[in-house]
Amino acid sequence: MDESGELNRLVREMNEGRDAEPADAAATARLDQWLRALVARGGSDLLLVEGGPPCVRVQGEVRKIEPTALDGTDIEAAVIPALSRHALRLYRQELIADSSYRIEGVGRFRINLHRERGRAAAAIRALPARVPALLELHLPAPVANLAHLPRGLVLIGGPAGSGKSTTLSALIHEMNVREARHIVTIEDPIEYEHTHIRSVIEQVEIGTDAPNFPTALRAALRQAPDVIVVGEMRDPETMRIAVSAAETGHLVLSTLHTTDVASTVARISDSFPAERQNAIRQELAMALAAVLTQILLPSKNGGRMPAAELLMVGYGARHHVRRNNLQHLHQEIPLTKKKGSFTLEESLVTLIRNGDIEKEDALVCAIHPDDLDILMKSSAAHG
């Protein structure tokens with residue numbers, strides 16, 4: 001099949017999965033009730049797992065909202081009517097799917113319907129009504145530098161639920177209020193809805209506007225945007241196109257489920273067959289501009305606070321990426337401090353000194369606990 005025939009096939013499949021009409025209110029009544037309870041309690045997530053009652057996560061703590069235990073059939077009956085047709089088709093084929101969902105007057109939500117122990121389960125995230133400003137996230141000040149980069153690949157790593165997508169959206173908002181750029185976001189599903197301020201922002205949703213990430217990314221490149229945002233890089237083809245776009249002059253931002261700078265970079269090269277890994281490392285070394293990783297810790301004042309690590313990529317880091325000496329990337333952070341780099345341990349010490357988190361929580365999260373201990377002693381010595 002030629003390229004145009006393949007594209008037509010993909011578009012036809014996408015249109016078959018497009019929502020034809022809003023979800024039926026009666027069919028989603030039970031889910032809507034739980035989500036209203038989630039919002040009323042100020043929670044972040046609704047958790048539905050067989051054998052337990054519906055629960056919400058409020059400031060990191062899981063709380064029951066009903067006494068009755070659910071089974072997998074209950075969960076599917078409540079959640080499936082809220083899925084887009086694209087997501088429902090994916091769930092039937094692959095047993096896992098993401099979908100956006102809106103309740104008028106209540107808010108927007110991101111649904112993840114999946115299986116565990118052969119039974120249906122769901123995690124549903126409440127999406128804020130507005131895009132947060134970067135300052136509201138309480139991230140270290142140098143993170144704002146990422147919004148002003150002219151080109152290159154910016155990777156944001158962290159475990160699930162660490163606020164990666166929120167940071168990404170806040171960086172886009174920072175660009176939007178300060179600079180006149182053409183920004184294209186590609187997401188599955190769209191989490192934060194941006195308005196045009198100084199920039200023109202196009203938001204592409206997989207399953208509604210494009211059939212998959214590689215197709216959407218190729219289409220975005222034809223529009224000659226200044227900035228491309230890939231919600232998550234899940235497959236080698238998306239990674240290859242994103243790295244190439246960053247290498248040829250675009251600013252590309254994306255997220256990965258990783259824990260530190262080295263594992264974030266490794267996730268890209270390790271996704272390719274062994275015979276391709278050296279070539280992709282050479283391209284990645286040239287394309288990388290910055291790597292940010294973050295985690296959330298319990299705040300002493302309630303809620304959670306982010307701790308982060310940032311590597312602004314310079315000559316030394318590029319050399320280590322080319323040679324696959326990723327264990328040495330941590331050593332490059334102090335060497336590029338003037339460019340804005342900082343370690344996780346420095347971020348943790350600042351949070352402890354400001355009275356935001358407990359020392360014990362910081363010690364559990366530190367990647368280099370000896371460095372944290374030295375920094376804490378130095379901080380105490382200087383008052």
# chains A, B, ... in the order shown; residues from 1 in each chain; ligands from 1
$ select_by_dssp --residues "stretch 150-305 of chain A" --states "helix (DSSP H, G or I)" --output "ChimeraX atom specification"
/A:164-178,213-222,236-247,261-270,274-287
$ residues_around --residues "A:Ala308" --least-positions-apart "6" --cutoff "10 Å" --atoms "only C-alpha atoms" --output "PyMOL selection string"
chain A and resi 139-140+143+157-158+260+292-296+342-348
$ closest_residue --among "A:Arg318, A:Arg181, A:His138, A:His257" --to "A:Ala287" --atoms "only C-alpha atoms"
A:Arg318
$ residues_around --residues "A:Leu46" --least-positions-apart "4" --cutoff "7 Å" --atoms "only C-alpha atoms" --output "list in words"
Leu38, Cys55, Val56, Arg57, Ala123, Ile124 and Arg125 of chain A
$ write_last_selection --atoms "N, CA and C atoms" --output "mmCIF file, in the first residue's frame"
data_model
loop_
_atom_site.group_PDB
_atom_site.id
_atom_site.type_symbol
_atom_site.label_atom_id
_atom_site.label_comp_id
_atom_site.auth_asym_id
_atom_site.auth_seq_id
_atom_site.Cartn_x
_atom_site.Cartn_y
_atom_site.Cartn_z
ATOM 1 N N LEU A 38 -15.723 13.299 44.221
ATOM 2 C CA LEU A 38 -14.287 13.569 44.110
ATOM 3 C C LEU A 38 -14.021 15.064 44.114
ATOM 4 N N CYS A 55 -13.039 4.787 45.863
ATOM 5 C CA CYS A 55 -12.190 5.602 46.742
ATOM 6 C C CYS A 55 -11.706 6.837 45.991
ATOM 7 N N VAL A 56 -11.412 7.886 46.726
ATOM 8 C CA VAL A 56 -10.811 9.084 46.154
ATOM 9 C C VAL A 56 -9.491 9.360 46.853
ATOM 10 N N ARG A 57 -8.581 9.956 46.117
ATOM 11 C CA ARG A 57 -7.306 10.375 46.697
ATOM 12 C C ARG A 57 -7.388 11.867 46.984
ATOM 13 N N ALA A 123 -8.700 4.208 37.001
ATOM 14 C CA ALA A 123 -8.144 5.352 37.732
ATOM 15 C C ALA A 123 -8.528 6.592 36.936
ATOM 16 N N ILE A 124 -9.218 7.508 37.595
ATOM 17 C CA ILE A 124 -9.761 8.674 36.896
ATOM 18 C C ILE A 124 -9.233 9.935 37.569
ATOM 19 N N ARG A 125 -8.532 10.756 36.803
ATOM 20 C CA ARG A 125 -7.873 11.961 37.320
ATOM 21 C C ARG A 125 -8.733 13.193 37.046
#
$ select_by_dssp --residues "stretch 204-378 of chain A" --states "strand (DSSP E or B)" --output "VMD selection string"
chain A and resid 204 to 206 210 227 to 230 251 to 257 288 to 298 304 to 312 342
$ write_last_selection --atoms "C-alpha atoms" --output "compact mmCIF listing (two decimals), in the first residue's frame"
# COMPACT_ATOMS: atom_id res chain seq x y z
CA VAL A 204 -4.32 17.53 18.74
CA GLU A 205 -6.04 14.64 20.54
CA ILE A 206 -5.19 11.09 19.52
CA ALA A 210 -5.22 11.89 14.53
CA VAL A 227 7.24 24.26 19.61
CA ILE A 228 5.95 20.67 19.55
CA VAL A 229 4.65 19.03 22.73
CA VAL A 230 4.29 15.24 22.77
CA LEU A 251 11.75 22.94 20.47
CA VAL A 252 10.23 19.56 21.43
CA LEU A 253 8.96 18.79 24.93
CA SER A 254 7.77 15.40 26.17
CA THR A 255 7.38 13.21 29.24
CA LEU A 256 8.56 9.74 30.20
CA HIS A 257 7.85 7.45 33.16
CA LEU A 288 19.01 17.05 23.89
CA ALA A 289 18.66 20.48 25.50
CA ALA A 290 17.55 19.60 29.03
CA VAL A 291 16.33 16.76 31.24
CA LEU A 292 14.04 17.49 34.19
CA THR A 293 12.88 14.83 36.64
CA GLN A 294 10.47 15.36 39.52
CA ILE A 295 8.69 13.66 42.40
CA LEU A 296 6.00 14.74 44.85
CA LEU A 297 6.47 14.55 48.62
CA PRO A 298 4.03 15.06 51.51
CA ARG A 304 2.27 17.70 48.33
CA MET A 305 5.41 19.54 47.27
CA PRO A 306 7.58 18.82 44.23
CA ALA A 307 11.27 18.08 44.41
CA ALA A 308 13.15 18.08 41.13
CA GLU A 309 16.46 17.61 39.35
CA LEU A 310 17.49 19.50 36.22
CA LEU A 311 20.35 18.90 33.81
CA MET A 312 20.94 21.61 31.23
CA PHE A 342 20.59 21.49 40.07
$ closest_residue --among "A:Pro334, A:Arg276, A:Thr259, A:Ile241" --to "A:Ala366" --atoms "only C-alpha atoms"
A:Thr259
$ residues_around --residues "A:Pro189" --least-positions-apart "3" --cutoff "9 Å" --atoms "only C-alpha atoms" --output "ChimeraX atom specification"
/A:98-100,110-111,186,204-207,231
$ atom_distance --atom1 "atom CA of A:Val261" --atom2 "atom CA of A:Leu137"
20.3 Å
$ residues_around --residues "A:Ala78" --least-positions-apart "4" --cutoff "9 Å" --atoms "only C-alpha atoms" --output "list in words"
Ala27, Thr28, Ala29, Arg30, Leu31, Asp32, Thr73, Asp74 and Ala82 of chain A
$ closest_residue --among "A:Leu372, A:Ala147, A:Leu284, A:Ile201" --to "A:His320" --atoms "only C-alpha atoms"
A:Leu284
$ residues_around --residues "stretch 90-97 of chain A" --least-positions-apart "5" --cutoff "6 Å" --atoms "only C-alpha atoms" --output "ChimeraX atom specification"
/A:112-114
$ write_last_selection --atoms "N, CA and C atoms" --output "mmCIF file, in the first residue's frame"
data_model
loop_
_atom_site.group_PDB
_atom_site.id
_atom_site.type_symbol
_atom_site.label_atom_id
_atom_site.label_comp_id
_atom_site.auth_asym_id
_atom_site.auth_seq_id
_atom_site.Cartn_x
_atom_site.Cartn_y
_atom_site.Cartn_z
ATOM 1 N N ASN A 112 -8.589 6.297 32.871
ATOM 2 C CA ASN A 112 -7.758 5.159 32.470
ATOM 3 C C ASN A 112 -8.486 3.892 32.908
ATOM 4 N N LEU A 113 -9.015 3.150 31.932
ATOM 5 C CA LEU A 113 -9.695 1.884 32.206
ATOM 6 C C LEU A 113 -8.738 0.769 31.830
ATOM 7 N N HIS A 114 -8.517 -0.166 32.745
ATOM 8 C CA HIS A 114 -7.517 -1.206 32.521
ATOM 9 C C HIS A 114 -7.963 -2.497 33.215
#
$ residues_around --residues "A:Ala380" --least-positions-apart "6" --cutoff "12 Å" --atoms "only C-alpha atoms" --output "PyMOL selection string"
chain A and resi 349-350+352-353+373-374
$ write_last_selection --atoms "N, CA and C atoms" --output "PDB file, in the first residue's frame"
ATOM      1  N   VAL A 349      17.021  19.715  50.008  1.00  0.00           N
ATOM      2  CA  VAL A 349      17.554  20.528  51.119  1.00  0.00           C
ATOM      3  C   VAL A 349      16.836  21.865  51.195  1.00  0.00           C
ATOM      4  N   THR A 350      16.575  22.468  50.059  1.00  0.00           N
ATOM      5  CA  THR A 350      15.834  23.737  50.048  1.00  0.00           C
ATOM      6  C   THR A 350      14.450  23.567  50.659  1.00  0.00           C
ATOM      7  N   ILE A 352      13.519  21.271  52.834  1.00  0.00           N
ATOM      8  CA  ILE A 352      13.678  21.055  54.279  1.00  0.00           C
ATOM      9  C   ILE A 352      13.947  22.382  54.989  1.00  0.00           C
ATOM     10  N   ARG A 353      14.870  23.165  54.429  1.00  0.00           N
ATOM     11  CA  ARG A 353      15.250  24.447  55.044  1.00  0.00           C
ATOM     12  C   ARG A 353      14.069  25.405  55.110  1.00  0.00           C
ATOM     13  N   ASP A 373      23.105  14.249  52.836  1.00  0.00           N
ATOM     14  CA  ASP A 373      23.640  14.420  54.187  1.00  0.00           C
ATOM     15  C   ASP A 373      24.685  15.536  54.226  1.00  0.00           C
ATOM     16  N   ILE A 374      25.567  15.566  53.226  1.00  0.00           N
ATOM     17  CA  ILE A 374      26.598  16.608  53.167  1.00  0.00           C
ATOM     18  C   ILE A 374      25.965  17.992  52.994  1.00  0.00           C
TER      19      ILE A 374
END
$ closest_residue --among "A:Glu283, A:Glu202, A:Glu247, A:Asp71" --to "A:Glu116" --atoms "only C-alpha atoms"
A:Asp71
$ closest_residue --among "A:Leu146, A:Leu221, A:Leu329, A:Leu35" --to "A:His250" --atoms "only C-alpha atoms"
A:Leu221
